$ cat coords_36.pdb   # PDB, C-alpha atoms, pLDDT in the B column
ATOM      1  CA  MET A   1       0.000   0.000   0.000  1.00 44.00           C
ATOM      2  CA  ALA A   2       1.374   3.394  -1.022  1.00 52.00           C
ATOM      3  CA  ASN A   3       2.203   5.979   1.584  1.00 57.00           C
ATOM      4  CA  THR A   4      -0.052   8.972   0.896  1.00 62.00           C
ATOM      5  CA  THR A   5       1.191  11.230   3.671  1.00 65.00           C
ATOM      6  CA  GLY A   6       4.491  12.761   4.637  1.00 70.00           C
ATOM      7  CA  PHE A   7       7.431  14.003   2.605  1.00 78.00           C
ATOM      8  CA  LYS A   8       8.171  10.581   1.083  1.00 81.00           C
ATOM      9  CA  SER A   9       4.740  10.512  -0.575  1.00 79.00           C
ATOM     10  CA  TYR A  10       6.008  13.014  -3.160  1.00 83.00           C
ATOM     11  CA  PHE A  11       8.702  10.662  -4.447  1.00 83.00           C
ATOM     12  CA  GLN A  12       6.902   7.375  -5.099  1.00 84.00           C
ATOM     13  CA  PHE A  13       7.475   7.549  -8.850  1.00 85.00           C
ATOM     14  CA  HIS A  14       6.312   3.976  -9.416  1.00 86.00           C
ATOM     15  CA  ASN A  15       2.794   5.303  -8.755  1.00 84.00           C
ATOM     16  CA  VAL A  16       2.944   7.600 -11.801  1.00 86.00           C
ATOM     17  CA  ASP A  17       1.293   6.550 -15.062  1.00 88.00           C
ATOM     18  CA  TRP A  18       3.933   8.040 -17.377  1.00 92.00           C
ATOM     19  CA  GLY A  19       1.859   7.399 -20.488  1.00 92.00           C
ATOM     20  CA  ALA A  20      -1.010   9.422 -19.052  1.00 91.00           C
ATOM     21  CA  MET A  21       1.471  12.082 -17.913  1.00 92.00           C
ATOM     22  CA  MET A  22       2.890  12.461 -21.446  1.00 94.00           C
ATOM     23  CA  SER A  23      -0.595  12.574 -22.937  1.00 93.00           C
ATOM     24  CA  ALA A  24      -1.670  15.262 -20.450  1.00 92.00           C
ATOM     25  CA  THR A  25       1.506  17.237 -21.164  1.00 93.00           C
ATOM     26  CA  TRP A  26       0.781  17.199 -24.891  1.00 93.00           C
ATOM     27  CA  GLU A  27      -2.802  18.307 -24.247  1.00 92.00           C
ATOM     28  CA  THR A  28      -1.544  21.269 -22.184  1.00 93.00           C
ATOM     29  CA  VAL A  29       1.002  22.213 -24.864  1.00 93.00           C
ATOM     30  CA  TRP A  30      -1.401  22.152 -27.794  1.00 92.00           C
ATOM     31  CA  MET A  31      -4.176  23.876 -25.814  1.00 92.00           C
ATOM     32  CA  THR A  32      -1.749  26.676 -24.978  1.00 94.00           C
ATOM     33  CA  LEU A  33      -0.190  27.052 -28.422  1.00 93.00           C
ATOM     34  CA  LEU A  34      -3.448  26.848 -30.371  1.00 94.00           C
ATOM     35  CA  SER A  35      -5.118  29.331 -28.029  1.00 94.00           C
ATOM     36  CA  MET A  36      -2.150  31.716 -28.266  1.00 95.00           C
ATOM     37  CA  VAL A  37      -2.328  31.824 -32.060  1.00 96.00           C
ATOM     38  CA  ALA A  38      -5.954  32.963 -31.833  1.00 96.00           C
ATOM     39  CA  ILE A  39      -5.205  35.285 -28.890  1.00 96.00           C
ATOM     40  CA  VAL A  40      -2.352  37.067 -30.685  1.00 96.00           C
ATOM     41  CA  ILE A  41      -4.403  37.583 -33.837  1.00 96.00           C
ATOM     42  CA  LEU A  42      -7.536  38.708 -31.992  1.00 96.00           C
ATOM     43  CA  GLY A  43      -5.561  40.764 -29.461  1.00 96.00           C
ATOM     44  CA  ILE A  44      -3.674  42.689 -32.146  1.00 95.00           C
ATOM     45  CA  ILE A  45      -6.893  43.385 -34.046  1.00 95.00           C
ATOM     46  CA  LEU A  46      -8.725  44.608 -30.926  1.00 96.00           C
ATOM     47  CA  GLY A  47      -5.711  46.597 -29.716  1.00 95.00           C
ATOM     48  CA  LEU A  48      -5.322  48.194 -33.131  1.00 94.00           C
ATOM     49  CA  ILE A  49      -8.990  49.200 -33.186  1.00 94.00           C
ATOM     50  CA  LEU A  50      -8.677  50.734 -29.718  1.00 94.00           C
ATOM     51  CA  TYR A  51      -5.533  52.611 -30.744  1.00 92.00           C
ATOM     52  CA  GLU A  52      -6.782  53.866 -34.105  1.00 90.00           C
ATOM     53  CA  THR A  53     -10.194  55.015 -32.864  1.00 91.00           C
ATOM     54  CA  ARG A  54      -9.177  56.595 -29.539  1.00 86.00           C
ATOM     55  CA  ASN A  55      -8.735  60.149 -30.848  1.00 80.00           C
ATOM     56  CA  LYS A  56     -11.021  60.070 -33.893  1.00 80.00           C
ATOM     57  CA  SER A  57     -13.826  62.617 -33.893  1.00 80.00           C
ATOM     58  CA  GLY A  58     -16.396  60.764 -36.000  1.00 83.00           C
ATOM     59  CA  ILE A  59     -19.380  59.319 -34.155  1.00 90.00           C
ATOM     60  CA  GLY A  60     -18.819  55.937 -35.789  1.00 88.00           C
ATOM     61  CA  PHE A  61     -15.250  55.777 -34.485  1.00 87.00           C
ATOM     62  CA  ARG A  62     -16.368  56.750 -30.991  1.00 91.00           C
ATOM     63  CA  ILE A  63     -19.086  54.081 -30.949  1.00 93.00           C
ATOM     64  CA  LEU A  64     -16.649  51.439 -32.218  1.00 93.00           C
ATOM     65  CA  ASN A  65     -14.068  52.428 -29.596  1.00 92.00           C
ATOM     66  CA  TRP A  66     -16.703  52.271 -26.855  1.00 94.00           C
ATOM     67  CA  ILE A  67     -18.006  48.849 -27.948  1.00 95.00           C
ATOM     68  CA  VAL A  68     -14.556  47.288 -28.241  1.00 94.00           C
ATOM     69  CA  GLY A  69     -13.417  48.910 -24.993  1.00 94.00           C
ATOM     70  CA  LEU A  70     -16.512  47.597 -23.208  1.00 95.00           C
ATOM     71  CA  PHE A  71     -15.939  44.079 -24.529  1.00 94.00           C
ATOM     72  CA  VAL A  72     -12.304  44.145 -23.455  1.00 94.00           C
ATOM     73  CA  ASN A  73     -13.028  45.550 -19.995  1.00 94.00           C
ATOM     74  CA  ILE A  74     -15.873  43.135 -19.269  1.00 93.00           C
ATOM     75  CA  PHE A  75     -14.029  39.952 -20.205  1.00 92.00           C
ATOM     76  CA  ARG A  76     -10.833  41.108 -18.499  1.00 89.00           C
ATOM     77  CA  SER A  77     -12.825  41.491 -15.287  1.00 90.00           C
ATOM     78  CA  ILE A  78     -14.493  38.056 -15.142  1.00 91.00           C
ATOM     79  CA  PRO A  79     -12.565  35.424 -13.141  1.00 90.00           C
ATOM     80  CA  PHE A  80     -11.542  32.541 -15.383  1.00 89.00           C
ATOM     81  CA  ILE A  81     -13.405  29.803 -13.512  1.00 86.00           C
ATOM     82  CA  ILE A  82     -16.632  31.825 -13.661  1.00 89.00           C
ATOM     83  CA  LEU A  83     -16.043  32.566 -17.357  1.00 90.00           C
ATOM     84  CA  ILE A  84     -15.790  28.851 -18.121  1.00 88.00           C
ATOM     85  CA  ILE A  85     -19.181  28.248 -16.506  1.00 87.00           C
ATOM     86  CA  LEU A  86     -20.687  31.321 -18.160  1.00 90.00           C
ATOM     87  CA  LEU A  87     -19.584  30.162 -21.614  1.00 88.00           C
ATOM     88  CA  LEU A  88     -20.752  26.543 -21.272  1.00 87.00           C
ATOM     89  CA  PRO A  89     -23.701  26.937 -23.695  1.00 88.00           C
ATOM     90  CA  ILE A  90     -21.476  28.659 -26.274  1.00 88.00           C
ATOM     91  CA  THR A  91     -18.755  26.052 -25.764  1.00 86.00           C
ATOM     92  CA  MET A  92     -21.288  23.287 -26.360  1.00 87.00           C
ATOM     93  CA  LYS A  93     -22.337  24.916 -29.635  1.00 86.00           C
ATOM     94  CA  LEU A  94     -18.788  25.525 -30.867  1.00 83.00           C
ATOM     95  CA  ALA A  95     -16.989  22.414 -29.634  1.00 80.00           C
ATOM     96  CA  GLY A  96     -19.854  19.936 -29.334  1.00 81.00           C
ATOM     97  CA  THR A  97     -18.816  19.123 -25.764  1.00 81.00           C
ATOM     98  CA  ILE A  98     -18.210  20.828 -22.422  1.00 81.00           C
ATOM     99  CA  ILE A  99     -15.375  18.569 -21.280  1.00 82.00           C
ATOM    100  CA  GLY A 100     -11.938  17.854 -22.684  1.00 81.00           C
ATOM    101  CA  PRO A 101      -9.177  20.080 -24.111  1.00 82.00           C
ATOM    102  CA  ARG A 102     -11.199  21.203 -27.122  1.00 85.00           C
ATOM    103  CA  ALA A 103     -13.948  22.522 -24.845  1.00 85.00           C
ATOM    104  CA  ALA A 104     -11.438  24.716 -23.013  1.00 87.00           C
ATOM    105  CA  LEU A 105     -10.386  26.680 -26.114  1.00 90.00           C
ATOM    106  CA  PRO A 106     -13.265  29.223 -26.259  1.00 90.00           C
ATOM    107  CA  SER A 107     -12.836  30.189 -22.608  1.00 90.00           C
ATOM    108  CA  LEU A 108      -9.045  30.361 -22.886  1.00 92.00           C
ATOM    109  CA  ILE A 109      -9.209  32.610 -25.944  1.00 93.00           C
ATOM    110  CA  ILE A 110     -11.979  34.898 -24.699  1.00 93.00           C
ATOM    111  CA  SER A 111     -10.333  35.310 -21.293  1.00 92.00           C
ATOM    112  CA  ALA A 112      -6.822  36.139 -22.533  1.00 94.00           C
ATOM    113  CA  ALA A 113      -7.435  38.031 -25.810  1.00 95.00           C
ATOM    114  CA  PRO A 114      -8.849  41.164 -24.079  1.00 94.00           C
ATOM    115  CA  PHE A 115      -5.886  41.146 -21.679  1.00 93.00           C
ATOM    116  CA  TYR A 116      -3.447  41.032 -24.584  1.00 96.00           C
ATOM    117  CA  ALA A 117      -5.462  43.642 -26.531  1.00 95.00           C
ATOM    118  CA  ARG A 118      -4.919  46.243 -23.789  1.00 94.00           C
ATOM    119  CA  MET A 119      -1.226  45.449 -23.804  1.00 95.00           C
ATOM    120  CA  VAL A 120      -1.124  45.870 -27.594  1.00 95.00           C
ATOM    121  CA  GLU A 121      -2.874  49.235 -27.380  1.00 94.00           C
ATOM    122  CA  SER A 122      -0.356  50.460 -24.802  1.00 93.00           C
ATOM    123  CA  TYR A 123       2.565  49.252 -26.940  1.00 93.00           C
ATOM    124  CA  PHE A 124       1.251  51.147 -29.961  1.00 91.00           C
ATOM    125  CA  ARG A 125       0.951  54.295 -27.852  1.00 90.00           C
ATOM    126  CA  GLU A 126       4.619  53.992 -26.902  1.00 89.00           C
ATOM    127  CA  VAL A 127       5.792  54.140 -30.531  1.00 86.00           C
ATOM    128  CA  ASP A 128       7.777  57.338 -31.124  1.00 84.00           C
ATOM    129  CA  SER A 129       5.388  60.017 -32.406  1.00 82.00           C
ATOM    130  CA  GLY A 130       8.227  61.466 -34.475  1.00 85.00           C
ATOM    131  CA  VAL A 131       8.444  58.272 -36.494  1.00 84.00           C
ATOM    132  CA  LEU A 132       4.697  58.307 -37.096  1.00 84.00           C
ATOM    133  CA  GLU A 133       4.742  61.957 -38.150  1.00 83.00           C
ATOM    134  CA  ALA A 134       7.636  61.296 -40.521  1.00 87.00           C
ATOM    135  CA  ALA A 135       5.702  58.461 -42.151  1.00 84.00           C
ATOM    136  CA  GLU A 136       2.608  60.660 -42.499  1.00 81.00           C
ATOM    137  CA  SER A 137       4.651  63.522 -44.022  1.00 84.00           C
ATOM    138  CA  MET A 138       5.936  61.126 -46.679  1.00 85.00           C
ATOM    139  CA  GLY A 139       2.349  60.306 -47.653  1.00 80.00           C
ATOM    140  CA  ALA A 140       2.040  56.899 -46.002  1.00 79.00           C
ATOM    141  CA  THR A 141      -1.488  55.530 -45.824  1.00 84.00           C
ATOM    142  CA  THR A 142      -3.055  54.366 -42.576  1.00 82.00           C
ATOM    143  CA  TRP A 143      -2.478  50.762 -43.588  1.00 88.00           C
ATOM    144  CA  GLY A 144       1.103  51.581 -44.526  1.00 88.00           C
ATOM    145  CA  ILE A 145       1.728  53.185 -41.130  1.00 87.00           C
ATOM    146  CA  ILE A 146       0.265  50.135 -39.381  1.00 87.00           C
ATOM    147  CA  THR A 147       2.259  47.547 -41.334  1.00 88.00           C
ATOM    148  CA  LYS A 148       5.527  49.468 -41.795  1.00 88.00           C
ATOM    149  CA  VAL A 149       5.744  51.553 -38.622  1.00 88.00           C
ATOM    150  CA  LEU A 150       3.445  50.505 -35.772  1.00 90.00           C
ATOM    151  CA  LEU A 151       3.897  46.741 -35.967  1.00 90.00           C
ATOM    152  CA  PRO A 152       7.667  46.720 -36.696  1.00 90.00           C
ATOM    153  CA  GLU A 153       8.450  49.375 -34.063  1.00 90.00           C
ATOM    154  CA  SER A 154       6.417  47.621 -31.382  1.00 92.00           C
ATOM    155  CA  LYS A 155       7.462  44.069 -32.317  1.00 93.00           C
ATOM    156  CA  PRO A 156       9.739  43.472 -29.282  1.00 93.00           C
ATOM    157  CA  ALA A 157       7.024  44.680 -26.915  1.00 94.00           C
ATOM    158  CA  LEU A 158       4.377  42.596 -28.710  1.00 95.00           C
ATOM    159  CA  ILE A 159       6.530  39.482 -28.325  1.00 96.00           C
ATOM    160  CA  ALA A 160       7.211  40.253 -24.659  1.00 95.00           C
ATOM    161  CA  GLY A 161       3.486  40.753 -24.060  1.00 95.00           C
ATOM    162  CA  ALA A 162       2.665  37.520 -25.866  1.00 96.00           C
ATOM    163  CA  THR A 163       5.195  35.735 -23.640  1.00 96.00           C
ATOM    164  CA  VAL A 164       3.568  37.067 -20.473  1.00 95.00           C
ATOM    165  CA  THR A 165       0.128  36.155 -21.822  1.00 96.00           C
ATOM    166  CA  THR A 166       1.272  32.630 -22.718  1.00 96.00           C
ATOM    167  CA  ILE A 167       2.557  32.062 -19.197  1.00 95.00           C
ATOM    168  CA  SER A 168      -0.758  33.268 -17.762  1.00 93.00           C
ATOM    169  CA  LEU A 169      -2.540  30.978 -20.202  1.00 93.00           C
ATOM    170  CA  ILE A 170      -0.606  27.957 -18.950  1.00 93.00           C
ATOM    171  CA  GLY A 171      -2.041  28.691 -15.511  1.00 90.00           C
ATOM    172  CA  TYR A 172      -5.504  28.995 -17.035  1.00 91.00           C
ATOM    173  CA  THR A 173      -5.180  25.556 -18.674  1.00 90.00           C
ATOM    174  CA  ALA A 174      -4.357  24.073 -15.270  1.00 87.00           C
ATOM    175  CA  MET A 175      -7.446  25.696 -13.738  1.00 86.00           C
ATOM    176  CA  ALA A 176      -9.586  24.516 -16.649  1.00 85.00           C
ATOM    177  CA  GLY A 177      -8.223  21.012 -16.178  1.00 80.00           C
ATOM    178  CA  ALA A 178      -9.517  20.944 -12.618  1.00 72.00           C
ATOM    179  CA  ILE A 179     -13.068  21.017 -13.970  1.00 73.00           C
ATOM    180  CA  GLY A 180     -12.586  18.453 -16.713  1.00 76.00           C
ATOM    181  CA  ALA A 181     -10.787  20.260 -19.534  1.00 80.00           C
ATOM    182  CA  GLY A 182      -7.919  17.777 -19.707  1.00 82.00           C
ATOM    183  CA  GLY A 183      -4.215  18.494 -19.592  1.00 88.00           C
ATOM    184  CA  LEU A 184      -1.875  18.485 -16.628  1.00 91.00           C
ATOM    185  CA  GLY A 185      -4.326  20.353 -14.418  1.00 89.00           C
ATOM    186  CA  ASN A 186      -6.917  17.628 -14.881  1.00 88.00           C
ATOM    187  CA  LEU A 187      -4.363  14.877 -14.240  1.00 90.00           C
ATOM    188  CA  ALA A 188      -3.008  16.606 -11.129  1.00 89.00           C
ATOM    189  CA  TYR A 189      -6.520  16.997  -9.747  1.00 88.00           C
ATOM    190  CA  GLN A 190      -8.023  13.612 -10.590  1.00 87.00           C
ATOM    191  CA  ASP A 191      -5.030  11.254 -10.450  1.00 86.00           C
ATOM    192  CA  GLY A 192      -3.149  13.372  -7.925  1.00 85.00           C
ATOM    193  CA  PHE A 193      -5.367  15.168  -5.441  1.00 85.00           C
ATOM    194  CA  GLN A 194      -8.472  12.972  -5.573  1.00 84.00           C
ATOM    195  CA  ALA A 195      -6.425   9.775  -5.563  1.00 84.00           C
ATOM    196  CA  SER A 196      -4.146  11.082  -2.768  1.00 85.00           C
ATOM    197  CA  ASN A 197      -1.176  10.558  -5.082  1.00 88.00           C
ATOM    198  CA  ASN A 198       1.183  13.400  -4.225  1.00 90.00           C
ATOM    199  CA  THR A 199       3.803  12.194  -6.693  1.00 92.00           C
ATOM    200  CA  VAL A 200       1.492  12.771  -9.662  1.00 92.00           C
ATOM    201  CA  THR A 201       0.727  16.272  -8.401  1.00 91.00           C
ATOM    202  CA  LEU A 202       4.431  17.010  -7.971  1.00 93.00           C
ATOM    203  CA  VAL A 203       5.434  15.711 -11.406  1.00 94.00           C
ATOM    204  CA  ALA A 204       2.620  17.640 -13.108  1.00 93.00           C
ATOM    205  CA  THR A 205       3.707  20.790 -11.268  1.00 93.00           C
ATOM    206  CA  VAL A 206       7.334  20.344 -12.312  1.00 95.00           C
ATOM    207  CA  ILE A 207       6.356  19.846 -15.970  1.00 95.00           C
ATOM    208  CA  ILE A 208       4.193  22.987 -15.894  1.00 95.00           C
ATOM    209  CA  CYS A 209       7.098  24.934 -14.372  1.00 95.00           C
ATOM    210  CA  LEU A 210       9.466  23.648 -17.066  1.00 96.00           C
ATOM    211  CA  PHE A 211       6.956  24.667 -19.742  1.00 95.00           C
ATOM    212  CA  VAL A 212       6.832  28.157 -18.262  1.00 96.00           C
ATOM    213  CA  PHE A 213      10.634  28.378 -18.163  1.00 97.00           C
ATOM    214  CA  ILE A 214      10.878  27.304 -21.812  1.00 96.00           C
ATOM    215  CA  VAL A 215       8.252  29.819 -22.929  1.00 96.00           C
ATOM    216  CA  GLN A 216      10.000  32.620 -21.037  1.00 96.00           C
ATOM    217  CA  PHE A 217      13.400  31.676 -22.478  1.00 97.00           C
ATOM    218  CA  VAL A 218      12.120  31.498 -26.061  1.00 96.00           C
ATOM    219  CA  GLY A 219      10.241  34.787 -25.611  1.00 95.00           C
ATOM    220  CA  ASP A 220      13.341  36.521 -24.244  1.00 95.00           C
ATOM    221  CA  VAL A 221      15.422  35.253 -27.178  1.00 95.00           C
ATOM    222  CA  PHE A 222      12.962  36.586 -29.749  1.00 94.00           C
ATOM    223  CA  VAL A 223      12.677  39.921 -27.947  1.00 94.00           C
ATOM    224  CA  LYS A 224      16.456  40.262 -28.015  1.00 92.00           C
ATOM    225  CA  ILE A 225      16.590  39.366 -31.718  1.00 92.00           C
ATOM    226  CA  THR A 226      13.908  41.891 -32.705  1.00 89.00           C
ATOM    227  CA  ASP A 227      14.916  44.737 -30.378  1.00 84.00           C
ATOM    228  CA  LYS A 228      17.060  47.161 -32.379  1.00 74.00           C
ATOM    229  CA  ARG A 229      18.433  48.642 -29.150  1.00 65.00           C
ATOM    230  CA  THR A 230      20.302  45.402 -28.424  1.00 56.00           C
ATOM    231  CA  LEU A 231      21.962  45.195 -31.828  1.00 49.00           C
TER     232      LEU A 231
END
$ encode --input "coords_36.pdb" --output "structure tokens"
Amino acid sequence: MANTTGFKSYFQFHNVDWGAMMSATWETVWMTLLSMVAIVILGIILGLILYETRNKSGIGFRILNWIVGLFVNIFRSIPFIILIILLLPITMKLAGTIIGPRAALPSLIISAAPFYARMVESYFREVDSGVLEAAESMGATTWGIITKVLLPESKPALIAGATVTTISLIGYTAMAGAIGAGGLGNLAYQDGFQASNNTVTLVATVIICLFVFIVQFVGDVFVKITDKRTL
């Protein structure tokens, strides 16, 4: 009989189903990466709308800025666990199920995209106004300024923000797993906590930490590569 209490209970590695651990790790990785692709795209679009419409005088621009700002503020304010429950009917429609990794994607994307959108807006605001004015004086179109000035100049910050968001998202996947969304969070809760198997919980925690370290390292490398100040 396995010892389920005390310090030694964390190191009974023969009690770990390594096949299930690898499967849960892969679920966490693909949930995070697939969600981040959608989050980056949606976040940049929302952040760009907020940035471009913030000082426009037209009523249409003001309404659009208000609607997008309201959407971003509301979904940034809802705790993730509550958001999962709130979106269950929508998740059922989109994914055809309310359990498993696929069911977690809508909540992961909707929770993190508004967070990243506000970061994107702030990064665009930090772009040197002199560079923007120079582009405008040379007759650059709005689309040209976005693609050739805003995005390139803010690229290091966008990557750094995406890195921070990805790390937060890894934590979200663990929380989603606790209510049946799969991944390491689900394994740590069901096979670890509920089964009083501290070793499973420890191994899942270590893998999540390693995933975070890898994401941070890769993000830092890309920031350094794209930041002209470090060249």
$ closest_residue --input "coords_36.pdb" --among "A:Ile109, A:Val29, A:Ile179, A:Ala103" --to "Ile214 (chain A)" --atoms "only C-alpha atoms"
A:Val29
$ atom_distance --input "coords_36.pdb" --atom1 "CA of Gly60 (chain A)" --atom2 "CA of Glu121 (chain A)"
19.2 Å
$ resolve_selection --input "coords_36.pdb" --expression "the PyMOL selection byres ((chain A and resi 41-47) around 10)" --output "mmCIF file with C-alpha atoms, in the coordinates of the input"
data_model
loop_
_atom_site.group_PDB
_atom_site.id
_atom_site.type_symbol
_atom_site.label_atom_id
_atom_site.label_comp_id
_atom_site.auth_asym_id
_atom_site.auth_seq_id
_atom_site.Cartn_x
_atom_site.Cartn_y
_atom_site.Cartn_z
ATOM 1 C CA MET A 36 -2.150 31.716 -28.266
ATOM 2 C CA VAL A 37 -2.328 31.824 -32.060
ATOM 3 C CA ALA A 38 -5.954 32.963 -31.833
ATOM 4 C CA ILE A 39 -5.205 35.285 -28.890
ATOM 5 C CA VAL A 40 -2.352 37.067 -30.685
ATOM 6 C CA LEU A 48 -5.322 48.194 -33.131
ATOM 7 C CA ILE A 49 -8.990 49.200 -33.186
ATOM 8 C CA LEU A 50 -8.677 50.734 -29.718
ATOM 9 C CA TYR A 51 -5.533 52.611 -30.744
ATOM 10 C CA GLU A 52 -6.782 53.866 -34.105
ATOM 11 C CA ASN A 65 -14.068 52.428 -29.596
ATOM 12 C CA VAL A 68 -14.556 47.288 -28.241
ATOM 13 C CA GLY A 69 -13.417 48.910 -24.993
ATOM 14 C CA PHE A 71 -15.939 44.079 -24.529
ATOM 15 C CA VAL A 72 -12.304 44.145 -23.455
ATOM 16 C CA ILE A 109 -9.209 32.610 -25.944
ATOM 17 C CA ILE A 110 -11.979 34.898 -24.699
ATOM 18 C CA ALA A 112 -6.822 36.139 -22.533
ATOM 19 C CA ALA A 113 -7.435 38.031 -25.810
ATOM 20 C CA PRO A 114 -8.849 41.164 -24.079
ATOM 21 C CA PHE A 115 -5.886 41.146 -21.679
ATOM 22 C CA TYR A 116 -3.447 41.032 -24.584
ATOM 23 C CA ALA A 117 -5.462 43.642 -26.531
ATOM 24 C CA ARG A 118 -4.919 46.243 -23.789
ATOM 25 C CA MET A 119 -1.226 45.449 -23.804
ATOM 26 C CA VAL A 120 -1.124 45.870 -27.594
ATOM 27 C CA GLU A 121 -2.874 49.235 -27.380
ATOM 28 C CA SER A 122 -0.356 50.460 -24.802
ATOM 29 C CA TYR A 123 2.565 49.252 -26.940
ATOM 30 C CA PHE A 124 1.251 51.147 -29.961
ATOM 31 C CA LEU A 151 3.897 46.741 -35.967
ATOM 32 C CA LEU A 158 4.377 42.596 -28.710
ATOM 33 C CA ALA A 162 2.665 37.520 -25.866
#
$ residues_around --input "coords_36.pdb" --residues "Pro89 (chain A)" --least-positions-apart "4" --cutoff "12 Å" --atoms "all atoms listed in the file" --output "ChimeraX atom specification"
/A:83-85,93-98,103,106-107
$ write_last_selection --input "coords_36.pdb" --atoms "C-alpha atoms" --output "short mmCIF file (atom, residue, chain, number, x, y, z; two decimals), keeping the file's coordinate frame"
data_model
loop_
_atom_site.label_atom_id
_atom_site.label_comp_id
_atom_site.auth_asym_id
_atom_site.auth_seq_id
_atom_site.Cartn_x
_atom_site.Cartn_y
_atom_site.Cartn_z
CA LEU A 83 -16.04 32.57 -17.36
CA ILE A 84 -15.79 28.85 -18.12
CA ILE A 85 -19.18 28.25 -16.51
CA LYS A 93 -22.34 24.92 -29.64
CA LEU A 94 -18.79 25.52 -30.87
CA ALA A 95 -16.99 22.41 -29.63
CA GLY A 96 -19.85 19.94 -29.33
CA THR A 97 -18.82 19.12 -25.76
CA ILE A 98 -18.21 20.83 -22.42
CA ALA A 103 -13.95 22.52 -24.84
CA PRO A 106 -13.26 29.22 -26.26
CA SER A 107 -12.84 30.19 -22.61
#
$ closest_atom_pairs --input "coords_36.pdb" --of "region 14-95 of chain A" --to "region 186-209 of chain A" --cutoff "10 Å" --atoms "only C-alpha atoms" --output "CSV"
residue,atom,partner,partner_atom,distance
A:His14,CA,A:Thr199,CA,9.0
A:Asn15,CA,A:Thr199,CA,7.3
A:Val16,CA,A:Val200,CA,5.8
A:Asp17,CA,A:Val200,CA,8.2
A:Trp18,CA,A:Val200,CA,9.4
A:Ala20,CA,A:Leu187,CA,8.0
A:Met21,CA,A:Ala204,CA,7.4
A:Met22,CA,A:Ala204,CA,9.8
A:Ser23,CA,A:Leu187,CA,9.8
A:Ala24,CA,A:Leu187,CA,6.8
A:Thr25,CA,A:Ile207,CA,7.6
A:Thr28,CA,A:Ile208,CA,8.7
A:Val29,CA,A:Ile208,CA,9.6
$ atom_distance --input "coords_36.pdb" --atom1 "CA of Ser77 (chain A)" --atom2 "CA of Ser111 (chain A)"
9.0 Å
$ atom_distance --input "coords_36.pdb" --atom1 "CA of Ile90 (chain A)" --atom2 "CA of Met31 (chain A)"
18.0 Å
$ decode --input "coords_36.pdb" --residues "region 156-166 of chain A" --atoms "N, CA, C and O atoms" --output "PDB file, in the first residue's frame"
ATOM      1  N   PRO A 156       9.178  44.045 -30.518  1.00  0.00           N
ATOM      2  CA  PRO A 156       9.739  43.472 -29.282  1.00  0.00           C
ATOM      3  C   PRO A 156       8.742  43.489 -28.124  1.00  0.00           C
ATOM      4  O   PRO A 156       8.632  42.509 -27.371  1.00  0.00           O
ATOM      5  N   ALA A 157       8.012  44.589 -27.991  1.00  0.00           N
ATOM      6  CA  ALA A 157       7.024  44.680 -26.915  1.00  0.00           C
ATOM      7  C   ALA A 157       5.878  43.700 -27.141  1.00  0.00           C
ATOM      8  O   ALA A 157       5.375  43.084 -26.189  1.00  0.00           O
ATOM      9  N   LEU A 158       5.455  43.539 -28.397  1.00  0.00           N
ATOM     10  CA  LEU A 158       4.377  42.596 -28.710  1.00  0.00           C
ATOM     11  C   LEU A 158       4.794  41.168 -28.353  1.00  0.00           C
ATOM     12  O   LEU A 158       3.992  40.392 -27.816  1.00  0.00           O
ATOM     13  N   ILE A 159       6.034  40.823 -28.651  1.00  0.00           N
ATOM     14  CA  ILE A 159       6.530  39.482 -28.325  1.00  0.00           C
ATOM     15  C   ILE A 159       6.624  39.301 -26.812  1.00  0.00           C
ATOM     16  O   ILE A 159       6.242  38.259 -26.269  1.00  0.00           O
ATOM     17  N   ALA A 160       7.124  40.330 -26.120  1.00  0.00           N
ATOM     18  CA  ALA A 160       7.211  40.253 -24.659  1.00  0.00           C
ATOM     19  C   ALA A 160       5.820  40.110 -24.046  1.00  0.00           C
ATOM     20  O   ALA A 160       5.621  39.317 -23.107  1.00  0.00           O
ATOM     21  N   GLY A 161       4.852  40.857 -24.558  1.00  0.00           N
ATOM     22  CA  GLY A 161       3.486  40.753 -24.060  1.00  0.00           C
ATOM     23  C   GLY A 161       2.875  39.400 -24.342  1.00  0.00           C
ATOM     24  O   GLY A 161       2.155  38.838 -23.500  1.00  0.00           O
ATOM     25  N   ALA A 162       3.165  38.851 -25.523  1.00  0.00           N
ATOM     26  CA  ALA A 162       2.665  37.520 -25.866  1.00  0.00           C
ATOM     27  C   ALA A 162       3.277  36.464 -24.949  1.00  0.00           C
ATOM     28  O   ALA A 162       2.615  35.486 -24.578  1.00  0.00           O
ATOM     29  N   THR A 163       4.534  36.665 -24.563  1.00  0.00           N
ATOM     30  CA  THR A 163       5.195  35.735 -23.640  1.00  0.00           C
ATOM     31  C   THR A 163       4.513  35.744 -22.283  1.00  0.00           C
ATOM     32  O   THR A 163       4.222  34.688 -21.705  1.00  0.00           O
ATOM     33  N   VAL A 164       4.258  36.949 -21.764  1.00  0.00           N
ATOM     34  CA  VAL A 164       3.568  37.067 -20.473  1.00  0.00           C
ATOM     35  C   VAL A 164       2.172  36.442 -20.544  1.00  0.00           C
ATOM     36  O   VAL A 164       1.746  35.720 -19.632  1.00  0.00           O
ATOM     37  N   THR A 165       1.476  36.699 -21.650  1.00  0.00           N
ATOM     38  CA  THR A 165       0.128  36.155 -21.822  1.00  0.00           C
ATOM     39  C   THR A 165       0.155  34.636 -21.904  1.00  0.00           C
ATOM     40  O   THR A 165      -0.714  33.958 -21.343  1.00  0.00           O
ATOM     41  N   THR A 166       1.148  34.085 -22.600  1.00  0.00           N
ATOM     42  CA  THR A 166       1.272  32.630 -22.718  1.00  0.00           C
ATOM     43  C   THR A 166       1.472  31.988 -21.355  1.00  0.00           C
ATOM     44  O   THR A 166       0.867  30.950 -21.041  1.00  0.00           O
TER      45      THR A 166
END
